[in-house]
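start32.cif (mmCIF, C-alpha atoms) appears below.
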data_data
loop_
_atom_site.label_atom_id
_atom_site.label_comp_id
_atom_site.auth_asym_id
_atom_site.auth_seq_id
_atom_site.Cartn_x
_atom_site.Cartn_y
_atom_site.Cartn_z
CA MET D 112 44.09 38.96 18.54
CA PRO D 113 43.53 36.96 21.73
CA ASP D 114 46.56 35.76 23.73
CA SER D 115 45.44 32.19 24.33
CA ALA D 116 45.90 29.50 21.67
CA ARG D 117 42.85 29.07 19.48
CA PRO D 118 40.75 26.02 20.39
CA ALA D 119 40.42 23.49 17.58
CA GLY D 120 36.68 23.97 17.08
CA LEU D 121 34.40 22.07 14.71
CA SER D 122 35.23 20.85 11.21
CA ARG D 123 33.18 22.23 8.30
CA GLU D 124 31.18 19.00 8.31
CA LEU D 125 30.31 19.33 12.01
CA ILE D 126 29.25 22.97 11.53
CA ALA D 127 26.94 21.71 8.75
CA LEU D 128 25.64 18.96 11.04
CA ARG D 129 24.85 21.51 13.76
CA VAL D 130 23.03 23.75 11.26
CA ALA D 131 21.02 20.74 10.05
CA GLN D 132 19.65 20.33 13.58
CA GLU D 133 17.79 23.64 13.07
CA LEU D 134 15.78 22.20 10.15
CA ARG D 135 12.37 20.59 10.58
CA GLU D 136 9.93 18.51 8.55
CA GLY D 137 8.24 20.54 5.81
CA MET D 138 10.59 23.53 5.90
CA VAL D 139 11.63 25.15 2.61
CA VAL D 140 15.36 25.81 2.82
CA ASN D 141 17.91 27.53 0.56
CA LEU D 142 21.57 26.62 1.06
CA GLY D 143 24.22 29.11 -0.08
CA ILE D 144 27.40 28.27 -1.98
CA GLY D 145 30.30 26.72 -0.01
CA LEU D 146 29.95 25.34 3.52
CA PRO D 147 26.10 25.63 3.56
CA THR D 148 25.77 23.12 0.68
CA LEU D 149 27.12 20.44 3.07
CA VAL D 150 24.01 20.82 5.27
CA SER D 151 21.90 18.58 2.98
CA ASN D 152 24.17 15.64 3.96
CA PHE D 153 23.14 15.83 7.63
CA LEU D 154 19.34 15.95 7.66
CA PRO D 155 17.52 14.22 10.50
CA PRO D 156 16.61 10.81 9.06
CA GLY D 157 13.07 10.48 7.72
CA GLU D 158 12.32 14.23 7.80
CA GLU D 159 11.21 15.79 4.51
CA VAL D 160 12.99 19.13 4.15
CA ILE D 161 12.50 20.87 0.78
CA PHE D 162 15.68 22.41 -0.65
CA GLN D 163 15.36 25.32 -3.06
CA GLY D 164 18.07 26.37 -5.53
CA GLU D 165 17.66 29.96 -6.74
CA ASN D 166 18.62 28.84 -10.26
CA GLY D 167 15.10 27.38 -10.45
CA VAL D 168 14.70 24.08 -8.63
CA LEU D 169 12.66 22.98 -5.63
CA GLY D 170 12.98 19.59 -3.97
CA TYR D 171 16.56 18.54 -4.64
CA THR D 172 17.95 16.15 -2.07
CA GLY D 173 21.73 16.30 -2.38
CA ILE D 174 24.75 16.25 -4.67
CA SER D 175 24.67 13.65 -7.46
CA GLU D 176 27.54 11.27 -8.21
CA GLU D 177 25.92 10.17 -11.50
CA GLU D 178 26.94 11.28 -15.00
CA PHE D 179 26.92 15.11 -15.25
CA ASP D 180 23.79 16.67 -16.74
CA PRO D 181 24.40 20.40 -17.37
CA ASP D 182 20.69 21.18 -16.86
CA VAL D 183 20.34 19.47 -13.45
CA ILE D 184 22.37 21.63 -11.08
CA ASN D 185 21.99 23.73 -7.94
CA ALA D 186 22.95 27.41 -7.67
CA GLY D 187 26.58 26.44 -7.05
CA GLY D 188 26.72 24.63 -10.40
CA GLN D 189 26.88 21.23 -8.66
CA PRO D 190 24.99 18.24 -10.08
CA ILE D 191 22.00 17.38 -7.88
CA THR D 192 19.66 14.49 -7.13
CA LEU D 193 15.90 15.12 -7.17
CA GLY D 194 13.42 13.97 -4.54
CA PRO D 195 9.78 13.02 -5.05
CA GLY D 196 7.67 16.10 -5.82
CA ALA D 197 10.58 18.16 -7.20
CA SER D 198 9.90 21.01 -9.64
CA PHE D 199 11.71 23.36 -12.02
CA PHE D 200 10.79 26.97 -12.75
CA ASP D 201 12.19 30.20 -14.17
CA SER D 202 14.20 32.82 -12.26
CA ALA D 203 11.26 35.21 -11.80
CA VAL D 204 9.25 32.47 -10.06
CA SER D 205 12.35 31.51 -8.08
CA PHE D 206 12.93 35.01 -6.76
CA ALA D 207 9.22 35.55 -6.07
CA MET D 208 9.63 32.56 -3.75
CA ILE D 209 12.65 34.17 -2.12
CA ARG D 210 11.55 37.82 -2.01
CA GLY D 211 7.90 37.04 -1.28
CA GLY D 212 8.64 35.30 2.02
CA HIS D 213 8.08 31.70 0.87
CA ILE D 214 11.49 30.43 2.03
CA ASP D 215 11.50 29.38 5.70
CA VAL D 216 15.26 29.25 6.21
CA ALA D 217 18.29 30.44 4.28
CA VAL D 218 21.75 29.22 5.30
CA LEU D 219 24.53 31.46 3.99
CA GLY D 220 28.25 31.80 4.57
CA GLY D 221 29.56 34.96 6.19
CA LEU D 222 32.62 37.21 6.21
CA GLU D 223 31.34 39.39 9.08
CA VAL D 224 28.19 39.63 11.20
CA SER D 225 27.48 42.60 13.49
CA GLU D 226 25.77 42.49 16.87
CA LYS D 227 22.73 44.10 15.22
CA GLY D 228 22.53 41.21 12.73
CA ASP D 229 24.07 43.09 9.80
CA LEU D 230 25.58 40.65 7.30
CA ALA D 231 28.65 41.17 5.10
CA ASN D 232 29.35 38.18 2.87
CA TRP D 233 29.79 39.29 -0.74
CA TYR D 234 32.75 41.63 -1.07
CA LEU D 235 36.30 41.05 0.11
CA PRO D 236 38.22 44.36 0.03
CA GLU D 237 41.64 42.65 0.17
CA ARG D 238 40.78 40.87 -3.12
CA GLY D 239 39.20 43.99 -4.57
CA GLY D 240 36.04 42.21 -5.53
CA GLY D 241 33.12 39.92 -4.97
CA SER D 242 29.77 39.00 -6.42
CA ILE D 243 26.21 39.37 -5.17
CA GLY D 244 24.39 36.44 -6.80
CA GLY D 245 21.27 35.65 -4.79
CA ALA D 246 22.78 36.60 -1.41
CA MET D 247 21.11 40.00 -0.95
CA ASP D 248 17.67 38.66 -1.92
CA LEU D 249 18.01 35.61 0.33
CA ALA D 250 19.25 37.73 3.25
CA CYS D 251 16.27 40.11 2.91
CA GLY D 252 13.60 37.59 1.93
CA ALA D 253 14.06 34.41 4.01
CA GLU D 254 11.91 34.11 7.12
CA ARG D 255 14.96 32.98 9.14
CA LEU D 256 18.61 33.58 8.24
CA ILE D 257 21.33 31.30 9.61
CA ILE D 258 24.98 32.19 9.01
CA ALA D 259 27.46 29.30 9.01
CA MET D 260 31.07 30.45 9.17
CA SER D 261 34.45 30.20 10.85
CA HIS D 262 34.39 32.18 14.11
CA THR D 263 37.57 34.11 13.24
CA ASN D 264 39.48 35.24 10.16
CA ARG D 265 42.89 33.92 9.07
CA GLU D 266 44.66 36.13 11.65
CA ASP D 267 42.39 34.78 14.43
CA GLY D 268 40.63 38.19 14.46
CA PRO D 269 36.88 38.30 15.16
CA ARG D 270 34.33 38.00 12.34
CA ILE D 271 31.52 38.85 14.78
CA ARG D 272 31.86 42.62 15.11
CA LYS D 273 30.21 45.64 16.71
CA GLU D 274 29.95 47.06 13.20
CA CYS D 275 30.82 45.29 9.94
CA GLU D 276 33.83 46.80 8.16
CA PHE D 277 33.17 45.06 4.84
CA PRO D 278 30.37 46.25 2.52
CA LEU D 279 26.99 44.94 3.69
CA THR D 280 24.85 42.28 2.08
CA ALA D 281 21.87 43.50 4.13
CA PRO D 282 21.42 45.29 7.47
CA GLY D 283 19.72 43.69 10.48
CA VAL D 284 18.85 40.32 8.92
CA VAL D 285 20.79 37.57 10.75
CA ASP D 286 18.85 35.40 13.24
CA LEU D 287 21.39 32.73 14.20
CA ILE D 288 25.18 32.35 13.87
CA VAL D 289 26.71 28.85 13.87
CA THR D 290 30.51 28.78 13.94
CA ASP D 291 33.22 26.24 14.67
CA LEU D 292 33.21 27.54 18.27
CA ALA D 293 29.65 28.52 19.18
CA VAL D 294 25.93 28.90 18.47
CA ILE D 295 24.82 32.50 18.96
CA ASP D 296 21.33 34.05 18.72
CA VAL D 297 21.00 37.58 17.39
CA GLU D 298 18.36 39.25 19.57
CA PRO D 299 17.14 42.84 19.80
CA GLU D 300 19.07 43.13 23.12
CA GLY D 301 22.28 41.87 21.46
CA LEU D 302 24.05 38.55 21.04
CA LEU D 303 23.14 35.55 23.19
CA LEU D 304 25.64 32.68 23.52
CA ARG D 305 23.53 29.50 23.50
CA GLU D 306 26.04 26.71 22.88
CA VAL D 307 29.78 26.15 22.80
CA ALA D 308 31.67 23.50 20.81
CA PRO D 309 33.09 20.53 22.75
CA GLY D 310 36.28 21.58 24.58
CA VAL D 311 35.58 25.30 24.08
CA SER D 312 34.80 27.60 27.03
CA PRO D 313 32.52 30.67 26.96
CA GLU D 314 35.69 32.69 27.71
CA ASP D 315 37.38 31.27 24.57
CA VAL D 316 34.37 32.39 22.53
CA GLN D 317 34.20 35.86 24.10
CA ALA D 318 37.95 36.38 23.54
CA ARG D 319 37.34 35.93 19.79
CA THR D 320 34.12 37.96 19.57
CA GLU D 321 34.26 41.77 19.46
CA PRO D 322 30.88 42.68 21.04
CA ARG D 323 29.93 41.54 24.54
CA LEU D 324 28.05 38.19 24.59
CA ARG D 325 25.23 37.56 27.04
CA LEU D 326 25.22 33.99 28.35
CA SER D 327 22.03 32.00 27.91
CA PRO D 328 20.66 30.60 31.20
CA ASP D 329 20.55 27.29 29.27
CA LEU D 330 24.11 27.59 27.93
CA ARG D 331 25.35 24.11 27.02
CA GLU D 332 27.83 22.17 24.94
CA MET D 333 26.70 21.41 21.36
CA GLN D 334 25.11 17.95 20.98
CA LEU D 335 26.71 16.57 17.81
CA MET M 1215 4.05 30.03 -43.90
CA ILE M 1216 5.75 31.29 -40.79
CA ASP M 1217 9.21 29.76 -40.54
CA LYS M 1218 11.71 31.10 -38.00
CA ILE M 1219 14.28 28.33 -38.49
CA VAL M 1220 17.77 29.53 -39.46
CA GLU M 1221 20.44 27.11 -40.69
CA THR M 1222 23.51 28.19 -38.71
CA PRO M 1223 24.32 30.25 -35.60
CA ASP M 1224 26.41 32.59 -37.77
CA GLU M 1225 23.43 33.31 -40.01
CA ALA M 1226 21.24 33.86 -36.95
CA LEU M 1227 23.60 36.64 -35.82
CA ARG M 1228 23.69 38.34 -39.27
CA ASP M 1229 22.61 41.83 -38.08
CA VAL M 1230 24.43 42.02 -34.72
CA GLN M 1231 26.39 45.28 -34.93
CA ASP M 1232 29.27 46.75 -32.94
CA GLY M 1233 27.96 48.47 -29.81
CA ALA M 1234 24.97 46.12 -29.48
CA THR M 1235 23.38 45.37 -26.11
CA ILE M 1236 22.89 41.60 -25.81
CA MET M 1237 21.19 39.48 -23.15
CA PHE M 1238 22.46 35.92 -22.67
CA GLY M 1239 20.24 33.34 -20.94
CA GLY M 1240 21.65 30.61 -18.74
CA PHE M 1241 22.81 29.91 -15.22
CA VAL M 1242 26.33 28.45 -15.09
CA SER M 1243 26.08 25.26 -17.21
CA ALA M 1244 22.27 25.18 -17.46
CA GLY M 1245 20.40 26.68 -20.39
CA THR M 1246 23.41 28.57 -21.73
CA PRO M 1247 23.38 29.46 -25.48
CA SER M 1248 27.00 28.40 -25.99
CA ASN M 1249 26.78 27.94 -29.77
CA LEU M 1250 25.45 31.50 -30.21
CA ILE M 1251 28.19 32.84 -27.92
CA LEU M 1252 30.86 31.02 -29.98
CA ALA M 1253 29.32 32.47 -33.17
CA LEU M 1254 29.49 35.94 -31.60
CA GLN M 1255 33.17 35.33 -30.92
CA ARG M 1256 33.72 34.31 -34.57
CA ARG M 1257 31.79 37.38 -35.75
CA GLY M 1258 34.18 39.62 -33.78
CA THR M 1259 31.49 42.16 -32.78
CA LYS M 1260 33.03 44.92 -30.63
CA ARG M 1261 31.93 47.23 -27.79
CA ILE M 1262 29.19 44.85 -26.65
CA THR M 1263 27.16 45.54 -23.53
CA GLY M 1264 26.44 42.05 -22.18
CA ILE M 1265 23.64 41.18 -19.76
CA ALA M 1266 23.82 37.73 -18.14
CA ASN M 1267 23.53 36.19 -14.70
CA ASN M 1268 27.18 35.13 -14.69
CA ILE M 1269 30.36 35.30 -16.73
CA GLY M 1270 33.37 33.00 -16.45
CA LEU M 1271 31.51 30.14 -14.72
CA GLY M 1272 31.07 27.39 -17.29
CA ASP M 1273 29.09 29.67 -19.56
CA LYS M 1274 31.46 30.23 -22.54
CA LEU M 1275 30.96 34.01 -22.19
CA ASP M 1276 34.57 34.33 -21.08
CA VAL M 1277 35.67 33.71 -24.70
CA LEU M 1278 34.34 37.19 -25.56
CA CYS M 1279 37.24 38.54 -23.46
CA GLU M 1280 39.92 36.96 -25.68
CA LYS M 1281 39.68 39.75 -28.25
CA ARG M 1282 38.19 42.39 -25.92
CA GLN M 1283 34.68 42.27 -27.40
CA LEU M 1284 32.98 43.50 -24.22
CA ALA M 1285 32.74 47.16 -23.19
CA LYS M 1286 30.39 46.58 -20.27
CA PHE M 1287 28.76 43.69 -18.46
CA ILE M 1288 25.66 43.66 -16.25
CA ALA M 1289 25.63 40.53 -14.07
CA THR M 1290 24.93 39.14 -10.62
CA PHE M 1291 28.08 37.00 -10.42
CA ALA M 1292 31.36 37.89 -12.16
CA ILE M 1293 34.13 38.43 -9.63
CA ARG M 1294 34.96 35.80 -7.03
CA ALA M 1295 35.74 36.83 -3.46
CA SER M 1296 37.70 33.62 -2.91
CA GLY M 1297 39.21 30.70 -4.79
CA GLY M 1298 42.30 30.40 -6.92
CA ARG M 1299 40.87 30.32 -10.44
CA GLN M 1300 40.53 33.62 -12.23
CA SER M 1301 38.48 34.14 -15.39
CA MET M 1302 39.66 36.28 -18.29
CA PHE M 1303 36.80 38.64 -17.44
CA GLU M 1304 38.17 39.08 -13.91
CA GLU M 1305 41.60 39.87 -15.34
CA LEU M 1306 40.19 42.53 -17.69
CA TYR M 1307 38.03 43.96 -14.90
CA ARG M 1308 40.98 44.27 -12.52
CA ARG M 1309 42.94 46.04 -15.28
CA GLY M 1310 40.04 48.47 -15.78
CA GLU M 1311 39.45 47.31 -19.36
CA VAL M 1312 35.79 46.39 -18.95
CA GLU M 1313 32.99 48.02 -16.97
CA LEU M 1314 30.88 45.91 -14.58
CA GLU M 1315 27.47 46.62 -13.07
CA LEU M 1316 26.67 44.09 -10.33
CA VAL M 1317 22.98 43.53 -9.61
CA PRO M 1318 21.30 41.33 -6.97
CA GLN M 1319 19.87 38.31 -8.80
CA GLY M 1320 16.23 38.89 -7.89
CA THR M 1321 16.51 42.53 -8.93
CA PHE M 1322 18.27 41.45 -12.13
CA VAL M 1323 15.42 39.18 -13.25
CA GLU M 1324 12.71 41.66 -12.21
CA ARG M 1325 14.42 44.49 -14.13
CA ILE M 1326 14.41 42.27 -17.23
CA ARG M 1327 10.80 41.27 -16.60
CA SER M 1328 9.90 44.97 -16.34
CA GLY M 1329 11.70 45.67 -19.60
CA GLY M 1330 9.74 42.92 -21.33
CA ALA M 1331 6.36 43.69 -19.78
CA GLY M 1332 6.22 47.43 -20.42
CA LEU M 1333 6.62 48.35 -16.75
CA GLY M 1334 8.50 51.38 -15.45
CA GLY M 1335 10.63 49.37 -13.04
CA VAL M 1336 10.29 47.55 -9.75
CA LEU M 1337 10.26 48.53 -6.09
CA THR M 1338 12.26 46.23 -3.82
CA ARG M 1339 13.80 46.20 -0.37
CA THR M 1340 16.78 44.18 -1.62
CA GLY M 1341 19.88 46.39 -1.68
CA LEU M 1342 18.64 48.99 0.83
CA GLY M 1343 21.43 49.91 3.24
CA THR M 1344 24.11 48.53 0.89
CA MET M 1345 26.33 49.76 -1.98
CA VAL M 1346 23.56 48.74 -4.39
CA GLU M 1347 21.51 51.70 -3.15
CA ASP M 1348 24.06 54.29 -4.36
CA GLY M 1349 22.61 56.84 -6.76
CA LYS M 1350 19.14 55.27 -6.80
CA GLN M 1351 15.78 56.74 -5.87
CA THR M 1352 13.89 55.38 -2.86
CA VAL M 1353 10.09 55.34 -2.78
CA SER M 1354 7.87 55.04 0.28
CA VAL M 1355 4.72 52.92 -0.08
CA GLU M 1356 2.35 52.84 2.90
CA GLY M 1357 5.20 53.57 5.27
CA THR M 1358 7.71 51.04 3.87
CA GLU M 1359 10.82 52.22 2.04
CA TYR M 1360 11.74 50.62 -1.29
CA LEU M 1361 14.49 51.02 -3.86
CA LEU M 1362 13.40 51.90 -7.41
CA GLU M 1363 15.14 49.61 -9.89
CA LYS M 1364 14.77 50.49 -13.56
CA PRO M 1365 13.90 48.18 -16.47
CA LEU M 1366 16.49 46.42 -18.62
CA HIS M 1367 15.98 46.03 -22.37
CA ALA M 1368 18.36 44.83 -25.08
CA ASP M 1369 18.84 44.87 -28.85
CA PHE M 1370 19.25 41.09 -28.88
CA ALA M 1371 18.54 38.18 -26.53
CA PHE M 1372 20.45 34.95 -27.09
CA ILE M 1373 18.58 32.16 -25.35
CA LYS M 1374 18.73 28.37 -25.13
CA ALA M 1375 15.85 25.91 -25.07
CA TRP M 1376 15.43 22.17 -25.50
CA LYS M 1377 12.89 21.94 -28.34
CA ALA M 1378 11.33 24.38 -30.79
CA ASP M 1379 8.98 24.37 -33.76
CA ARG M 1380 9.00 26.60 -36.86
CA MET M 1381 6.62 29.08 -35.14
CA GLY M 1382 9.28 29.74 -32.49
CA ASN M 1383 7.46 27.98 -29.65
CA LEU M 1384 10.02 26.81 -27.09
CA VAL M 1385 10.12 24.01 -24.55
CA TYR M 1386 12.77 24.13 -21.83
CA ARG M 1387 14.36 21.26 -19.99
CA ARG M 1388 14.86 21.07 -16.20
CA ALA M 1389 16.95 23.90 -14.69
CA GLY M 1390 17.77 25.09 -18.22
CA ARG M 1391 14.82 27.48 -17.96
CA ASN M 1392 16.25 30.09 -15.52
CA PHE M 1393 16.50 33.53 -17.23
CA ASN M 1394 15.69 32.34 -20.78
CA PRO M 1395 11.88 32.85 -20.84
CA ILE M 1396 12.21 36.27 -19.14
CA MET M 1397 14.94 37.51 -21.50
CA ALA M 1398 12.85 36.31 -24.46
CA THR M 1399 10.39 39.11 -23.62
CA ALA M 1400 12.91 41.93 -23.26
CA ALA M 1401 14.86 42.29 -26.53
CA ASP M 1402 14.12 43.61 -30.02
CA ILE M 1403 15.42 40.43 -31.68
CA VAL M 1404 15.33 37.10 -29.86
CA ILE M 1405 17.50 34.24 -31.13
CA ALA M 1406 16.94 30.78 -29.66
CA GLU M 1407 19.51 27.99 -29.78
CA VAL M 1408 17.73 24.64 -29.40
CA GLU M 1409 18.72 20.98 -29.26
CA GLN M 1410 15.83 19.77 -31.43
CA VAL M 1411 13.50 21.33 -34.00
CA VAL M 1412 10.29 19.33 -34.15
CA ASP M 1413 7.18 19.35 -36.30
CA VAL M 1414 4.74 22.15 -35.48
CA GLU M 1415 2.02 19.75 -34.28
CA GLU M 1416 4.39 17.91 -31.98
CA LEU M 1417 4.75 20.29 -29.02
CA ASP M 1418 2.00 20.09 -26.40
CA PRO M 1419 0.49 23.61 -26.09
CA GLU M 1420 0.35 23.07 -22.30
CA ARG M 1421 4.13 22.58 -22.19
CA ILE M 1422 5.24 25.69 -24.13
CA GLY M 1423 7.68 27.66 -21.94
CA THR M 1424 8.01 30.60 -24.35
CA PRO M 1425 5.22 31.25 -26.85
CA GLY M 1426 6.50 31.77 -30.39
CA VAL M 1427 5.44 35.42 -30.51
CA TYR M 1428 8.53 36.31 -28.47
CA VAL M 1429 11.01 34.48 -30.70
CA ASP M 1430 12.44 35.78 -34.01
CA ARG M 1431 14.97 33.09 -35.01
CA VAL M 1432 15.56 29.46 -34.07
CA VAL M 1433 18.75 27.55 -34.76
CA GLN M 1434 19.34 23.87 -34.00
CA CYS M 1435 22.78 23.01 -32.58
CA GLU M 1436 24.60 20.20 -30.82
CA PRO M 1437 24.68 21.33 -27.17
CA VAL M 1438 28.06 22.37 -25.73
CA ALA M 1439 28.34 21.22 -22.12
CA VAL M 1440 30.73 23.02 -19.81
CA ARG M 1441 30.94 21.89 -16.22
CA TRP M 1442 31.69 24.30 -13.41
CA ASP M 1443 31.36 23.77 -9.65
CA ALA M 1444 31.54 26.57 -7.09
#
Let me see the file written as structure tokens.
Amino acid sequence: MPDSARPAGLSRELIALRVAQELREGMVVNLGIGLPTLVSNFLPPGEEVIFQGENGVLGYTGISEEEFDPDVINAGGQPITLGPGASFFDSAVSFAMIRGGHIDVAVLGGLEVSEKGDLANWYLPERGGGSIGGAMDLACGAERLIIAMSHTNREDGPRIRKECEFPLTAPGVVDLIVTDLAVIDVEPEGLLLREVAPGVSPEDVQARTEPRLRLSPDLREMQL
Amino acid sequence: MIDKIVETPDEALRDVQDGATIMFGGFVSAGTPSNLILALQRRGTKRITGIANNIGLGDKLDVLCEKRQLAKFIATFAIRASGGRQSMFEELYRRGEVELELVPQGTFVERIRSGGAGLGGVLTRTGLGTMVEDGKQTVSVEGTEYLLEKPLHADFAFIKAWKADRMGNLVYRRAGRNFNPIMATAADIVIAEVEQVVDVEELDPERIGTPGVYVDRVVQCEPVAVRWDA
């Protein structure tokens, strides 16, 4: 645990906003349960991004406030609104999309990420359990995998590790990590610190990250 | 005249025996055969092996834990890593009173598809390098390593659709489709709970989600809606 007090870092909403900046017109995107579902609220205005729910829906636009319809939900069980050109399909078609490389970006939560891009996000040993859902398929099948998570655990210990201690979701799959403190690229040479949150120094980030971070020549503060 | 319509859910389940393996369609609140699940609870069938995407998440399957009807469950989502709520299934699992086989969701649906299509299993990269790989065979195809995942088949499939006719043709509604049409192919006896039974000329052949050949019994029920948010 680092000696210095932990910087405040970004709220969950601002992490989601920063992830949304990675999305572009025409991309097909799957958002995992929890923090990632907030990303649909922060799309660049006017850009058509196509959200996929692994329960069998393509082209939902956000969470619905209307009367609950049990058959119109995303993979988190939340009621959704549908955009123009939306479609429904069965689970085999849905996972052919995911496993066949037809999803451009998956955004998932994380418990731990290693410097080699290993992801652990399904099993919490201290609770003696967890569930897989679509996480392993999305981690293996998406063209680009973004992990959105808190930089540290409840004890301020690092979640970005040399090796994951928790059981893996998939090895060597993470491309980008967005946390409340930093934006970090996972590269073959290791982790590259690209951005820090406002008021957070590269030293603050390194003190809460187990492996050594390389600093990007373009290292900058996040533009939120 | 072919007529697969059955009057009540209880009659539809007339030959479900103790020890049966049963698939349940549905994904959380969508396309879940809740009336058939409640009839299974009333029937009191024991030592069931259940196969469903999820249990304890707005799916009514948790009621099968009240009188310990489940021996084993095969699912993709059953135990939460976080959150305060705990299902009855989670309680039984933590006490070691029910067995659980967790399967990645894409592998889950492809194993069922294999079981229904007469295939010997599927090769996938999902699960390689994780606990899912334990005890399974790997196969190399043109230099790429895959995990061999074996087919799933059941004695019964309980599924939910929107509309049906007396031939057993089914039409699904919105995200209510999910695992239902796949499970309809992979069980000896397929029982469909539907919201409406319509005249046999009424369904557009282009819109049939499950052709009647897969379906043995159809029962019309008022839908039971259970909301659950992650």
Problem set entry | Point-to-point distance in Å for atom CA of M:Ala1266 and atom CA of M:Ala1331 |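 Atom CA of M:Ala1266 lies at a distance of 18.5 Å from atom CA of M:Ala1331.
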For this session: May I have the residues of chain D within 6 Å of chain M, counting all atoms listed in the file, written as a ChimeraX atom specification?
Result: /D:166-167,181-183,187-189,199,201-203,206,235,240-245,248,279
Exercise. In Å, with one decimal, what is the gap from atom CA of M:Leu1227 to atom CA of M:Val1408?
Worked result: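 Going from atom CA of M:Leu1227 over to atom CA of M:Val1408 covers 14.8 Å.
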For this session: Give as a VMD selection string the residues that the PyMOL selection byres ((chain D and resi 313) around 12) matches when applied to the coordinates above.
Result: chain D and resid 118 292 to 295 303 to 312 314 to 320 323 to 327 330 to 332
For this session: Output the residue selection produced by the PyMOL selection byres ((chain M and resi 1379) around 6) on the file above, formatted as a list in words.
Result: Ala1378, Arg1380, Met1381, Gly1382, Asn1383, Val1411, Val1412, Asp1413 and Val1414 of chain M
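Between atom CA of D:Cys275 and atom CA of D:Asp291 the separation is 19.8 Å.
Nearest residue to D:Val284, choosing from D:Met260, D:Ile126, D:Ile271, D:Leu249 and counting all atoms listed in the file: D:Leu249.
Among the candidates D:Glu136, D:Glu274, D:Leu335, D:Pro236, the residue lying nearest to D:Glu124 is D:Leu335 (atoms considered: all atoms listed in the file).
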For this session: Would you list the residues near (22.1, 22.7, -34.3), meaning any protein, DNA or RNA residue with an atom at most 8 Å from that point in file coordinates, counting all atoms listed in the file, as a count of residues only?
Result: 12
Reference answer for the PyMOL selection byres ((chain M and resi 1359-1369) around 6), as a compact mmCIF listing (two decimals) with C-alpha atoms, keeping the file's coordinate frame:
# COMPACT_ATOMS: atom_id res chain seq x y z
CA THR M 1235 23.38 45.37 -26.11
CA ILE M 1236 22.89 41.60 -25.81
CA ARG M 1325 14.42 44.49 -14.13
CA ILE M 1326 14.41 42.27 -17.23
CA SER M 1328 9.90 44.97 -16.34
CA GLY M 1329 11.70 45.67 -19.60
CA GLY M 1335 10.63 49.37 -13.04
CA VAL M 1336 10.29 47.55 -9.75
CA LEU M 1337 10.26 48.53 -6.09
CA THR M 1338 12.26 46.23 -3.82
CA ARG M 1339 13.80 46.20 -0.37
CA GLN M 1351 15.78 56.74 -5.87
CA THR M 1352 13.89 55.38 -2.86
CA VAL M 1353 10.09 55.34 -2.78
CA SER M 1354 7.87 55.04 0.28
CA THR M 1358 7.71 51.04 3.87
CA PHE M 1370 19.25 41.09 -28.88
CA ALA M 1400 12.91 41.93 -23.26
CA ALA M 1401 14.86 42.29 -26.53
CA ASP M 1402 14.12 43.61 -30.02
For this session: Please provide the set of residues having any atom within 8 Å of D:Arg270, restricted to only C-alpha atoms, with same-chain residues fewer than 4 positions apart removed, written as a list in words.
Result: Leu222, Glu223, Val224, Ser261, His262, Thr263, Asn264 and Thr320 of chain D
Exercise. What lies within 7 Å of M:Thr1263 using only C-alpha atoms, ignoring chain neighbours under 3 positions off, as a PyMOL selection string?
Worked result: chain M and resi 1233-1236+1284-1287
For this session: Compile the contact shell of D:Gly228 as a PyMOL selection string: residues with an atom at most 6 Å away, counting only C-alpha atoms, same-chain residues fewer than 2 positions apart removed.
Result: chain D and resi 225-226+283-285
Output the selection as a short mmCIF file (atom, residue, chain, number, x, y, z; two decimals), in the frame of the given file - C-alpha atoms for each residue.
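Written output follows (part_21.cif):
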data_model
loop_
_atom_site.label_atom_id
_atom_site.label_comp_id
_atom_site.auth_asym_id
_atom_site.auth_seq_id
_atom_site.Cartn_x
_atom_site.Cartn_y
_atom_site.Cartn_z
CA SER D 225 27.48 42.60 13.49
CA GLU D 226 25.77 42.49 16.87
CA GLY D 283 19.72 43.69 10.48
CA VAL D 284 18.85 40.32 8.92
CA VAL D 285 20.79 37.57 10.75
#
Report as lines of an AutoDock Vina configuration file the centre and the edge lengths, in Å to one decimal, of the axis-aligned box holding every listed atom of stretch 1383-1387 of chain M, padded by 3 Å on each side.
center_x = 10.9
center_y = 24.6
center_z = -24.8
size_x = 12.9
size_y = 12.7
size_z = 15.7
